[in-house]
$ cat my_file-v5.pdb   # PDB, C-alpha atoms
ATOM      1  CA  MET G 674      82.843 -95.743 -25.411
ATOM      2  CA  LYS G 675      79.121 -95.385 -25.834
ATOM      3  CA  ILE G 676      77.563 -95.553 -29.263
ATOM      4  CA  GLY G 677      74.068 -94.301 -30.067
ATOM      5  CA  ILE G 678      72.295 -96.188 -32.850
ATOM      6  CA  VAL G 679      69.338 -94.342 -34.342
ATOM      7  CA  THR G 680      66.275 -96.379 -35.252
ATOM      8  CA  PHE G 681      64.007 -94.817 -37.862
ATOM      9  CA  PRO G 682      60.754 -96.472 -38.905
ATOM     10  CA  GLY G 683      62.073 -98.853 -41.550
ATOM     11  CA  SER G 684      65.633 -99.165 -40.275
ATOM     12  CA  ASN G 685      66.637-102.807 -40.507
ATOM     13  CA  CYS G 686      70.356-102.891 -39.720
ATOM     14  CA  ASP G 687      70.104-101.248 -36.317
ATOM     15  CA  HIS G 688      70.184-104.602 -34.528
ATOM     16  CA  ASP G 689      73.161-105.806 -36.560
ATOM     17  CA  VAL G 690      75.120-102.673 -35.685
ATOM     18  CA  TYR G 691      74.100-102.971 -32.033
ATOM     19  CA  HIS G 692      75.223-106.608 -31.991
ATOM     20  CA  VAL G 693      78.634-105.820 -33.449
ATOM     21  CA  VAL G 694      79.276-102.811 -31.205
ATOM     22  CA  LYS G 695      78.062-104.500 -28.042
ATOM     23  CA  HIS G 696      78.677-108.217 -28.380
ATOM     24  CA  VAL G 697      81.517-108.433 -30.879
ATOM     25  CA  CYS G 698      83.510-105.347 -29.878
ATOM     26  CA  GLY G 699      82.385-105.209 -26.252
ATOM     27  CA  ALA G 700      81.526-101.502 -26.209
ATOM     28  CA  ASP G 701      78.415 -99.860 -24.871
ATOM     29  CA  ALA G 702      75.566 -99.387 -27.336
ATOM     30  CA  GLN G 703      72.181 -97.776 -27.056
ATOM     31  CA  TYR G 704      69.263 -97.543 -29.462
ATOM     32  CA  VAL G 705      67.826 -94.072 -29.980
ATOM     33  CA  TRP G 706      64.274 -93.931 -31.340
ATOM     34  CA  HIS G 707      63.940 -91.315 -34.066
ATOM     35  CA  LYS G 708      61.302 -89.367 -32.139
ATOM     36  CA  ASP G 709      63.492 -89.087 -29.068
ATOM     37  CA  ARG G 710      66.421 -86.785 -28.502
ATOM     38  CA  LEU G 711      70.030 -87.944 -28.365
ATOM     39  CA  PRO G 712      70.924 -88.903 -24.803
ATOM     40  CA  ALA G 713      73.863 -87.133 -23.181
ATOM     41  CA  GLY G 714      77.201 -88.835 -22.972
ATOM     42  CA  LEU G 715      77.369 -90.500 -26.389
ATOM     43  CA  ASP G 716      80.819 -90.799 -27.981
ATOM     44  CA  ALA G 717      79.534 -91.483 -31.474
ATOM     45  CA  VAL G 718      76.261 -91.852 -33.369
ATOM     46  CA  ILE G 719      75.535 -94.393 -36.088
ATOM     47  CA  LEU G 720      72.673 -94.100 -38.571
ATOM     48  CA  PRO G 721      72.122 -97.687 -39.731
ATOM     49  CA  GLY G 722      70.927 -99.105 -43.003
ATOM     50  CA  GLY G 723      67.400 -99.943 -43.977
ATOM     51  CA  PHE G 724      64.508 -98.260 -45.689
ATOM     52  CA  SER G 725      63.561 -95.375 -43.446
ATOM     53  CA  TYR G 726      60.029 -94.212 -44.192
ATOM     54  CA  GLY G 727      59.854 -96.805 -46.948
ATOM     55  CA  ASP G 728      62.201 -94.695 -49.069
ATOM     56  CA  TYR G 729      59.151 -92.544 -49.847
ATOM     57  CA  LEU G 730      59.836 -89.455 -51.967
ATOM     58  CA  ARG G 731      63.599 -90.116 -51.979
ATOM     59  CA  CYS G 732      65.833 -92.357 -49.868
ATOM     60  CA  GLY G 733      66.489 -90.567 -46.590
ATOM     61  CA  ALA G 734      64.402 -87.524 -47.505
ATOM     62  CA  LEU G 735      61.818 -87.952 -44.761
ATOM     63  CA  ALA G 736      64.100 -89.367 -42.080
ATOM     64  CA  ARG G 737      66.140 -86.200 -42.054
ATOM     65  CA  PHE G 738      63.153 -84.382 -40.548
ATOM     66  CA  SER G 739      62.842 -86.819 -37.632
ATOM     67  CA  PRO G 740      63.207 -85.006 -34.295
ATOM     68  CA  VAL G 741      66.421 -86.853 -33.451
ATOM     69  CA  MET G 742      68.125 -85.423 -36.535
ATOM     70  CA  GLU G 743      68.197 -81.950 -35.034
ATOM     71  CA  ASP G 744      70.402 -83.369 -32.282
ATOM     72  CA  VAL G 745      72.457 -85.427 -34.736
ATOM     73  CA  VAL G 746      73.197 -82.255 -36.701
ATOM     74  CA  GLY G 747      74.167 -80.465 -33.494
ATOM     75  CA  PHE G 748      76.327 -83.393 -32.400
ATOM     76  CA  ALA G 749      78.085 -83.404 -35.780
ATOM     77  CA  LYS G 750      78.576 -79.634 -35.813
ATOM     78  CA  GLY G 751      80.184 -79.944 -32.386
ATOM     79  CA  GLY G 752      82.717 -82.371 -33.834
ATOM     80  CA  GLY G 753      81.074 -85.574 -32.633
ATOM     81  CA  PRO G 754      81.646 -88.652 -34.805
ATOM     82  CA  VAL G 755      78.601 -89.530 -36.900
ATOM     83  CA  VAL G 756      78.592 -92.554 -39.207
ATOM     84  CA  GLY G 757      75.914 -93.308 -41.790
ATOM     85  CA  ILE G 758      75.787 -96.762 -43.301
ATOM     86  CA  CYS G 759      73.839 -97.292 -46.542
ATOM     87  CA  ASN G 760      70.443 -95.689 -45.801
ATOM     88  CA  GLY G 761      72.220 -93.777 -43.043
ATOM     89  CA  PHE G 762      74.577 -92.372 -45.702
ATOM     90  CA  GLN G 763      71.544 -91.304 -47.742
ATOM     91  CA  VAL G 764      70.032 -89.620 -44.681
ATOM     92  CA  LEU G 765      73.274 -87.717 -43.982
ATOM     93  CA  CYS G 766      73.363 -86.455 -47.577
ATOM     94  CA  GLU G 767      69.722 -85.364 -47.416
ATOM     95  CA  ALA G 768      70.413 -83.639 -44.098
ATOM     96  CA  GLY G 769      73.245 -81.677 -45.679
ATOM     97  CA  LEU G 770      75.859 -83.167 -43.351
ATOM     98  CA  LEU G 771      77.554 -84.793 -46.326
ATOM     99  CA  PRO G 772      77.900 -83.424 -49.857
ATOM    100  CA  GLY G 773      76.298 -85.039 -52.872
ATOM    101  CA  ALA G 774      73.394 -87.435 -53.251
ATOM    102  CA  LEU G 775      72.774 -91.116 -53.925
ATOM    103  CA  LEU G 776      70.950 -91.885 -57.140
ATOM    104  CA  ARG G 777      69.314 -95.060 -58.390
ATOM    105  CA  ASN G 778      71.926 -97.657 -59.353
ATOM    106  CA  ARG G 779      72.937 -97.249 -62.955
ATOM    107  CA  SER G 780      71.934-100.865 -63.699
ATOM    108  CA  LEU G 781      68.533-100.276 -62.047
ATOM    109  CA  HIS G 782      69.197-103.526 -60.177
ATOM    110  CA  PHE G 783      69.406-103.899 -56.448
ATOM    111  CA  VAL G 784      72.983-105.068 -55.861
ATOM    112  CA  CYS G 785      73.705-107.421 -53.001
ATOM    113  CA  ARG G 786      77.218-108.848 -52.975
ATOM    114  CA  ASP G 787      80.665-108.560 -51.493
ATOM    115  CA  VAL G 788      82.852-105.767 -52.829
ATOM    116  CA  LEU G 789      86.395-104.632 -52.180
ATOM    117  CA  VAL G 790      86.800-101.072 -51.009
ATOM    118  CA  GLU G 791      90.044 -99.248 -50.432
ATOM    119  CA  VAL G 792      90.390 -96.880 -47.511
ATOM    120  CA  GLN G 793      91.719 -93.552 -48.768
ATOM    121  CA  GLY G 794      91.934 -89.886 -47.939
ATOM    122  CA  ALA G 795      92.275 -88.203 -44.598
ATOM    123  CA  ASP G 796      91.886 -89.934 -41.277
ATOM    124  CA  THR G 797      88.322 -90.097 -39.978
ATOM    125  CA  PRO G 798      86.994 -91.607 -36.755
ATOM    126  CA  LEU G 799      86.037 -94.684 -38.762
ATOM    127  CA  THR G 800      89.232 -95.128 -40.747
ATOM    128  CA  THR G 801      92.126 -94.012 -38.564
ATOM    129  CA  GLY G 802      95.170 -96.112 -39.302
ATOM    130  CA  LEU G 803      93.541 -97.984 -42.167
ATOM    131  CA  ARG G 804      94.560 -95.882 -45.183
ATOM    132  CA  GLY G 805      95.587 -98.081 -48.085
ATOM    133  CA  GLU G 806      93.847-101.141 -46.669
ATOM    134  CA  LYS G 807      91.473-103.047 -48.922
ATOM    135  CA  LEU G 808      88.428-104.334 -47.112
ATOM    136  CA  ARG G 809      85.968-107.009 -48.224
ATOM    137  CA  VAL G 810      82.494-105.899 -47.204
ATOM    138  CA  PRO G 811      79.042-106.454 -48.666
ATOM    139  CA  VAL G 812      76.855-103.884 -50.365
ATOM    140  CA  ALA G 813      73.078-104.226 -50.505
ATOM    141  CA  HIS G 814      71.289-101.281 -52.071
ATOM    142  CA  GLY G 815      69.218-100.007 -54.961
ATOM    143  CA  ASP G 816      70.297 -96.385 -54.640
ATOM    144  CA  GLY G 817      74.031 -96.215 -54.105
ATOM    145  CA  ASN G 818      75.091 -94.345 -57.195
ATOM    146  CA  TYR G 819      77.015 -91.477 -55.614
ATOM    147  CA  PHE G 820      76.596 -88.176 -57.421
ATOM    148  CA  ALA G 821      78.052 -84.728 -56.956
ATOM    149  CA  ASP G 822      78.953 -82.118 -59.548
ATOM    150  CA  GLU G 823      82.490 -82.148 -60.916
ATOM    151  CA  ALA G 824      83.624 -79.145 -58.888
ATOM    152  CA  THR G 825      82.406 -80.785 -55.679
ATOM    153  CA  LEU G 826      84.075 -84.077 -56.602
ATOM    154  CA  ASP G 827      87.368 -82.265 -57.243
ATOM    155  CA  ARG G 828      87.098 -80.475 -53.925
ATOM    156  CA  LEU G 829      86.329 -83.729 -52.082
ATOM    157  CA  GLU G 830      89.333 -85.447 -53.637
ATOM    158  CA  GLY G 831      91.554 -82.449 -52.911
ATOM    159  CA  GLU G 832      90.540 -82.342 -49.269
ATOM    160  CA  GLY G 833      90.955 -86.073 -48.771
ATOM    161  CA  ARG G 834      87.241 -86.517 -48.212
ATOM    162  CA  VAL G 835      86.874 -89.531 -50.479
ATOM    163  CA  VAL G 836      87.519 -92.127 -47.806
ATOM    164  CA  PHE G 837      86.220 -95.326 -49.406
ATOM    165  CA  ARG G 838      86.590 -96.229 -53.075
ATOM    166  CA  TYR G 839      85.442 -99.385 -54.820
ATOM    167  CA  VAL G 840      88.282-101.489 -56.156
ATOM    168  CA  GLY G 841      87.701-102.818 -59.671
ATOM    169  CA  GLY G 842      84.767-100.542 -60.491
ATOM    170  CA  ALA G 843      81.669 -99.392 -58.661
ATOM    171  CA  PRO G 844      78.754-101.859 -58.512
ATOM    172  CA  ASN G 845      76.251 -99.008 -58.854
ATOM    173  CA  GLY G 846      77.698 -96.432 -61.266
ATOM    174  CA  ALA G 847      78.980 -94.149 -58.492
ATOM    175  CA  ALA G 848      80.981 -91.123 -59.640
ATOM    176  CA  ARG G 849      84.713 -91.850 -59.517
ATOM    177  CA  ASP G 850      83.934 -95.207 -57.856
ATOM    178  CA  ILE G 851      83.194 -93.451 -54.588
ATOM    179  CA  ALA G 852      81.873 -95.759 -51.868
ATOM    180  CA  GLY G 853      82.109 -93.355 -48.944
ATOM    181  CA  VAL G 854      82.875 -89.729 -48.136
ATOM    182  CA  ALA G 855      83.718 -87.645 -45.092
ATOM    183  CA  GLY G 856      82.186 -84.349 -44.057
ATOM    184  CA  GLY G 857      82.448 -82.012 -41.132
ATOM    185  CA  GLU G 858      85.235 -79.648 -40.188
ATOM    186  CA  ARG G 859      87.115 -82.436 -38.468
ATOM    187  CA  MET G 860      86.242 -85.194 -40.925
ATOM    188  CA  ASN G 861      83.940 -86.386 -38.179
ATOM    189  CA  VAL G 862      80.963 -87.273 -40.367
ATOM    190  CA  VAL G 863      81.385 -90.370 -42.523
ATOM    191  CA  GLY G 864      78.950 -92.029 -44.905
ATOM    192  CA  LEU G 865      79.476 -95.284 -46.761
ATOM    193  CA  MET G 866      77.313 -97.612 -48.818
ATOM    194  CA  PRO G 867      78.902-100.961 -47.797
ATOM    195  CA  HIS G 868      77.795-102.692 -44.597
ATOM    196  CA  PRO G 869      80.756-103.281 -42.254
ATOM    197  CA  GLU G 870      78.376-104.693 -39.628
ATOM    198  CA  ARG G 871      77.692-107.615 -41.949
ATOM    199  CA  ALA G 872      81.397-108.450 -42.184
ATOM    200  CA  SER G 873      82.497-108.373 -38.579
ATOM    201  CA  GLU G 874      82.519-112.054 -37.624
ATOM    202  CA  ALA G 875      84.377-114.937 -39.235
ATOM    203  CA  ILE G 876      81.201-117.009 -39.461
ATOM    204  CA  LEU G 877      79.825-114.369 -41.836
ATOM    205  CA  GLY G 878      82.753-114.703 -44.219
ATOM    206  CA  SER G 879      84.797-111.604 -43.466
ATOM    207  CA  THR G 880      85.963-109.709 -40.424
ATOM    208  CA  ASP G 881      87.219-106.709 -42.398
ATOM    209  CA  GLY G 882      84.234-104.633 -41.337
ATOM    210  CA  ARG G 883      85.161-105.025 -37.699
ATOM    211  CA  ARG G 884      88.347-103.066 -38.325
ATOM    212  CA  LEU G 885      86.205 -99.988 -38.963
ATOM    213  CA  PHE G 886      84.257-100.501 -35.737
ATOM    214  CA  ASP G 887      87.522-101.044 -33.864
ATOM    215  CA  ALA G 888      88.841 -97.773 -35.282
ATOM    216  CA  LEU G 889      85.661 -95.979 -34.264
ATOM    217  CA  LEU G 890      85.865 -97.454 -30.782
ATOM    218  CA  GLY G 891      89.486 -96.431 -30.487
ATOM    219  CA  ALA G 892      90.748 -99.993 -30.338
ATOM    220  CA  GLY G 893      92.085-100.156 -33.890
TER     221      GLY G 893
ATOM    222  CA  MET N1083      40.450 -69.659 -51.239
ATOM    223  CA  ALA N1084      41.693 -73.208 -51.365
ATOM    224  CA  LYS N1085      43.623 -74.183 -54.435
ATOM    225  CA  THR N1086      45.496 -77.026 -56.039
ATOM    226  CA  VAL N1087      49.097 -76.743 -57.129
ATOM    227  CA  ARG N1088      50.897 -79.204 -59.374
ATOM    228  CA  VAL N1089      54.565 -79.746 -58.649
ATOM    229  CA  TYR N1090      56.918 -81.485 -61.079
ATOM    230  CA  VAL N1091      60.280 -82.788 -59.927
ATOM    231  CA  THR N1092      62.782 -84.061 -62.476
ATOM    232  CA  LEU N1093      66.438 -85.000 -62.467
ATOM    233  CA  LYS N1094      68.655 -82.133 -63.563
ATOM    234  CA  ARG N1095      69.958 -82.182 -67.108
ATOM    235  CA  GLY N1096      73.327 -83.841 -66.958
ATOM    236  CA  VAL N1097      72.328 -86.233 -64.169
ATOM    237  CA  LEU N1098      72.072 -89.697 -65.642
ATOM    238  CA  ASP N1099      68.509 -91.002 -65.489
ATOM    239  CA  PRO N1100      68.766 -94.792 -65.757
ATOM    240  CA  GLN N1101      65.006 -95.266 -65.389
ATOM    241  CA  GLY N1102      64.357 -92.839 -68.213
ATOM    242  CA  SER N1103      66.963 -94.596 -70.349
ATOM    243  CA  ALA N1104      65.343 -97.986 -69.696
ATOM    244  CA  VAL N1105      61.870 -96.682 -70.558
ATOM    245  CA  GLY N1106      63.242 -95.043 -73.716
ATOM    246  CA  HIS N1107      64.855 -98.318 -74.707
ATOM    247  CA  ALA N1108      61.576-100.163 -74.136
ATOM    248  CA  LEU N1109      59.642 -97.675 -76.262
ATOM    249  CA  ARG N1110      62.135 -98.022 -79.121
ATOM    250  CA  THR N1111      61.900-101.795 -78.785
ATOM    251  CA  LEU N1112      58.126-101.439 -79.260
ATOM    252  CA  GLY N1113      58.824 -99.707 -82.561
ATOM    253  CA  TYR N1114      58.615 -96.065 -81.528
ATOM    254  CA  SER N1115      61.903 -95.167 -83.124
ATOM    255  CA  GLU N1116      61.123 -91.457 -82.893
ATOM    256  CA  VAL N1117      61.785 -91.588 -79.122
ATOM    257  CA  GLU N1118      65.176 -89.990 -78.683
ATOM    258  CA  GLY N1119      65.080 -89.408 -74.976
ATOM    259  CA  VAL N1120      62.992 -90.048 -71.887
ATOM    260  CA  ARG N1121      63.303 -88.341 -68.527
ATOM    261  CA  LEU N1122      61.314 -89.716 -65.619
ATOM    262  CA  GLY N1123      60.182 -87.500 -62.784
ATOM    263  CA  LYS N1124      57.687 -87.090 -60.001
ATOM    264  CA  TYR N1125      54.316 -85.397 -60.093
ATOM    265  CA  ILE N1126      52.952 -84.067 -56.809
ATOM    266  CA  GLU N1127      49.543 -82.465 -56.223
ATOM    267  CA  LEU N1128      49.243 -80.132 -53.277
ATOM    268  CA  GLU N1129      45.910 -79.013 -51.851
ATOM    269  CA  LEU N1130      46.561 -75.660 -50.226
ATOM    270  CA  SER N1131      44.377 -73.509 -48.026
ATOM    271  CA  GLY N1132      44.205 -69.921 -49.138
ATOM    272  CA  GLY N1133      44.555 -66.790 -47.082
ATOM    273  CA  GLN N1134      48.045 -65.777 -48.092
ATOM    274  CA  SER N1135      49.116 -63.156 -50.522
ATOM    275  CA  GLU N1136      50.207 -64.387 -53.927
ATOM    276  CA  ALA N1137      53.824 -63.524 -53.155
ATOM    277  CA  GLU N1138      53.833 -65.182 -49.741
ATOM    278  CA  GLY N1139      52.151 -68.306 -51.148
ATOM    279  CA  ARG N1140      54.770 -68.505 -53.851
ATOM    280  CA  ARG N1141      57.606 -68.019 -51.402
ATOM    281  CA  ARG N1142      56.299 -70.838 -49.207
ATOM    282  CA  LEU N1143      55.884 -73.133 -52.208
ATOM    283  CA  GLU N1144      59.468 -72.488 -53.281
ATOM    284  CA  GLU N1145      60.530 -73.322 -49.758
ATOM    285  CA  MET N1146      58.576 -76.601 -49.727
ATOM    286  CA  CYS N1147      60.211 -77.614 -52.979
ATOM    287  CA  ARG N1148      63.719 -76.742 -51.848
ATOM    288  CA  ARG N1149      63.431 -78.189 -48.346
ATOM    289  CA  LEU N1150      61.663 -81.437 -49.099
ATOM    290  CA  LEU N1151      59.956 -82.106 -52.403
ATOM    291  CA  ALA N1152      63.138 -81.839 -54.475
ATOM    292  CA  ASN N1153      66.779 -82.485 -53.665
ATOM    293  CA  THR N1154      68.362 -79.598 -55.511
ATOM    294  CA  VAL N1155      71.709 -81.383 -55.695
ATOM    295  CA  ILE N1156      70.202 -83.675 -58.307
ATOM    296  CA  GLU N1157      66.729 -82.417 -59.126
ATOM    297  CA  ASP N1158      64.935 -79.413 -60.622
ATOM    298  CA  TYR N1159      61.363 -78.491 -59.783
ATOM    299  CA  ARG N1160      58.607 -76.334 -61.146
ATOM    300  CA  PHE N1161      55.018 -75.785 -60.111
ATOM    301  CA  GLU N1162      51.831 -74.455 -61.611
ATOM    302  CA  ASP N1163      48.376 -73.616 -60.339
ATOM    303  CA  GLY N1164      45.264 -75.576 -61.000
ATOM    304  CA  PRO N1165      43.970 -79.116 -60.646
ATOM    305  CA  ALA N1166      45.200 -81.949 -62.775
ATOM    306  CA  PRO N1167      43.298 -82.269 -66.039
ATOM    307  CA  ALA N1168      40.626 -84.949 -65.937
ATOM    308  CA  PRO N1169      41.806 -88.303 -67.278
ATOM    309  CA  ARG N1170      40.985 -88.765 -70.926
ATOM    310  CA  ALA N1171      38.123 -91.147 -71.560
ATOM    311  CA  PRO N1172      39.345 -94.384 -73.102
TER     312      PRO N1172
END
$ encode --input "my_file-v5.pdb" --output "structure tokens"
Amino acid sequence: MKIGIVTFPGSNCDHDVYHVVKHVCGADAQYVWHKDRLPAGLDAVILPGGFSYGDYLRCGALARFSPVMEDVVGFAKGGGPVVGICNGFQVLCEAGLLPGALLRNRSLHFVCRDVLVEVQGADTPLTTGLRGEKLRVPVAHGDGNYFADEATLDRLEGEGRVVFRYVGGAPNGAARDIAGVAGGERMNVVGLMPHPERASEAILGSTDGRRLFDALLGAG
Amino acid sequence: MAKTVRVYVTLKRGVLDPQGSAVGHALRTLGYSEVEGVRLGKYIELELSGGQSEAEGRRRLEEMCRRLLANTVIEDYRFEDGPAPAPRAP
């Protein structure tokens, strides 16, 4: 398995994701600079967290026009697994690969703490075999308040596209406590606000996040 | 002829605006009890070169708003011609 990790100007979780994929899970990982094209032979692409383009205009709004995103869209349309974590989730929404948008947290506070999320919905590359599991993973964001209109929310629920839901209430005001959604014809595009890469080693307090990487890498 | 266009981007009605709510609360705390609602948005000034027909210029502006300046899932936009009014003297 070879995972491409896109680095935008302002990404700050790309190294964490690389570390978990390569050194914790033992898979192949490669950084992809946002001005480059996706290399051939990738099995999945991860858009990491951070503050791409300083969150100017809106979170993820400028990153979606980076040259690499044209390839990411093509990769996703072809059924390739694409995962967006935190800012990566925002970028995927702005790029139209995922429905909805992420608004400023209802509290207006940046939230940085562990949360419990339950894996729900249809199987995705990131969640295969984990439905019903509750995972302890940290969130760290100012704009994680998931929004979509009611009709879209109903459709997402009906199609099993709500794949992560906060347990015990959303920390950010997200509609229906949604922490992550799936898009793409084959559920192959997944976005989530929590950071599984920060919960993948015991020394960091939780290894629940690693289960998602293991699923993605086919080892789950 | 070059011209300036003012673009306003605001959250759609029905989308909770926590920043607007906080500012409204602060104004009421200052004693401005007449403030019943506040919506915060973005103001963008565009300097545009001329040379296009009115219709084509308008079409391209719409496109800029839809593709980048506003996220139409959550935001509305409108634009108007002309430079920003000069700041009022204190």
$ closest_atom_pairs --input "my_file-v5.pdb" --of "chain N" --to "chain G" --cutoff "8 Å" --atoms "all atoms listed in the file" --output "tab-separated table"
residue	atom	partner	partner_atom	distance
N:Pro1100	CA	G:Arg779	CA	5.6
N:Gln1101	CA	G:Leu781	CA	7.0
N:Leu1150	CA	G:Ala734	CA	6.9
N:Leu1151	CA	G:Leu730	CA	7.4
N:Asn1153	CA	G:Glu767	CA	7.5
N:Val1155	CA	G:Gly773	CA	6.5
N:Ile1156	CA	G:Ala774	CA	7.1
$ residues_near_point --input "my_file-v5.pdb" --point "(68.4, -90.0, -29.9)" --cutoff "10 Å" --atoms "only C-alpha atoms" --output "count of residues only"
23
$ atom_distance --input "my_file-v5.pdb" --atom1 "CA of Lys1085 in chain N" --atom2 "CA of Gly1123 in chain N"
22.8 Å
$ resolve_selection --input "my_file-v5.pdb" --expression "the PyMOL selection byres ((chain N and resi 1097) around 9)" --output "NGL selection string"
(:G and (820)) or (:N and (1093-1096 or 1098-1099 or 1156-1157))
$ axis_aligned_box --input "my_file-v5.pdb" --around "range 735-754 of chain G" --padding-each-side "8 Å" --output "AutoDock Vina command-line options"
--center_x 72.3 --center_y -84.5 --center_z -38.5 --size_x 36.9 --size_y 25.7 --size_z 28.5
$ atom_distance --input "my_file-v5.pdb" --atom1 "CA of Ala813 in chain G" --atom2 "CA of Pro844 in chain G"
10.1 Å
$ atom_distance --input "my_file-v5.pdb" --atom1 "CA of Gly878 in chain G" --atom2 "CA of Leu789 in chain G"
13.3 Å
$ resolve_selection --input "my_file-v5.pdb" --expression "the PyMOL selection byres ((chain N and resi 1147) around 12)" --output "MDAnalysis selection string"
(chainID G and resid 730) or (chainID N and resid 1087:1092 1126 1128 1140:1146 1148:1154 1157:1161)
$ decode --input "my_file-v5.pdb" --residues "range 857-876 of chain G" --atoms "C-alpha atoms" --output "PDB file, in the first residue's frame"
ATOM      1  CA  GLY G 857     -18.264   9.363  -3.820  1.00  0.00           C
ATOM      2  CA  GLU G 858     -20.164   6.671  -5.660  1.00  0.00           C
ATOM      3  CA  ARG G 859     -18.327   3.974  -3.758  1.00  0.00           C
ATOM      4  CA  MET G 860     -18.169   5.763  -0.414  1.00  0.00           C
ATOM      5  CA  ASN G 861     -14.526   6.253  -1.282  1.00  0.00           C
ATOM      6  CA  VAL G 862     -14.208   9.853  -0.108  1.00  0.00           C
ATOM      7  CA  VAL G 863     -14.257  10.353   3.656  1.00  0.00           C
ATOM      8  CA  GLY G 864     -13.911  13.528   5.695  1.00  0.00           C
ATOM      9  CA  LEU G 865     -13.712  13.776   9.465  1.00  0.00           C
ATOM     10  CA  MET G 866     -12.904  16.501  11.964  1.00  0.00           C
ATOM     11  CA  PRO G 867     -11.123  14.367  14.620  1.00  0.00           C
ATOM     12  CA  HIS G 868      -7.426  13.559  14.243  1.00  0.00           C
ATOM     13  CA  PRO G 869      -6.835   9.785  14.227  1.00  0.00           C
ATOM     14  CA  GLU G 870      -3.122  10.385  13.585  1.00  0.00           C
ATOM     15  CA  ARG G 871      -2.867  11.932  17.040  1.00  0.00           C
ATOM     16  CA  ALA G 872      -4.304   8.810  18.675  1.00  0.00           C
ATOM     17  CA  SER G 873      -2.319   6.039  17.063  1.00  0.00           C
ATOM     18  CA  GLU G 874       0.323   5.258  19.687  1.00  0.00           C
ATOM     19  CA  ALA G 875      -0.124   4.266  23.316  1.00  0.00           C
ATOM     20  CA  ILE G 876       2.305   6.949  24.469  1.00  0.00           C
TER      21      ILE G 876
END
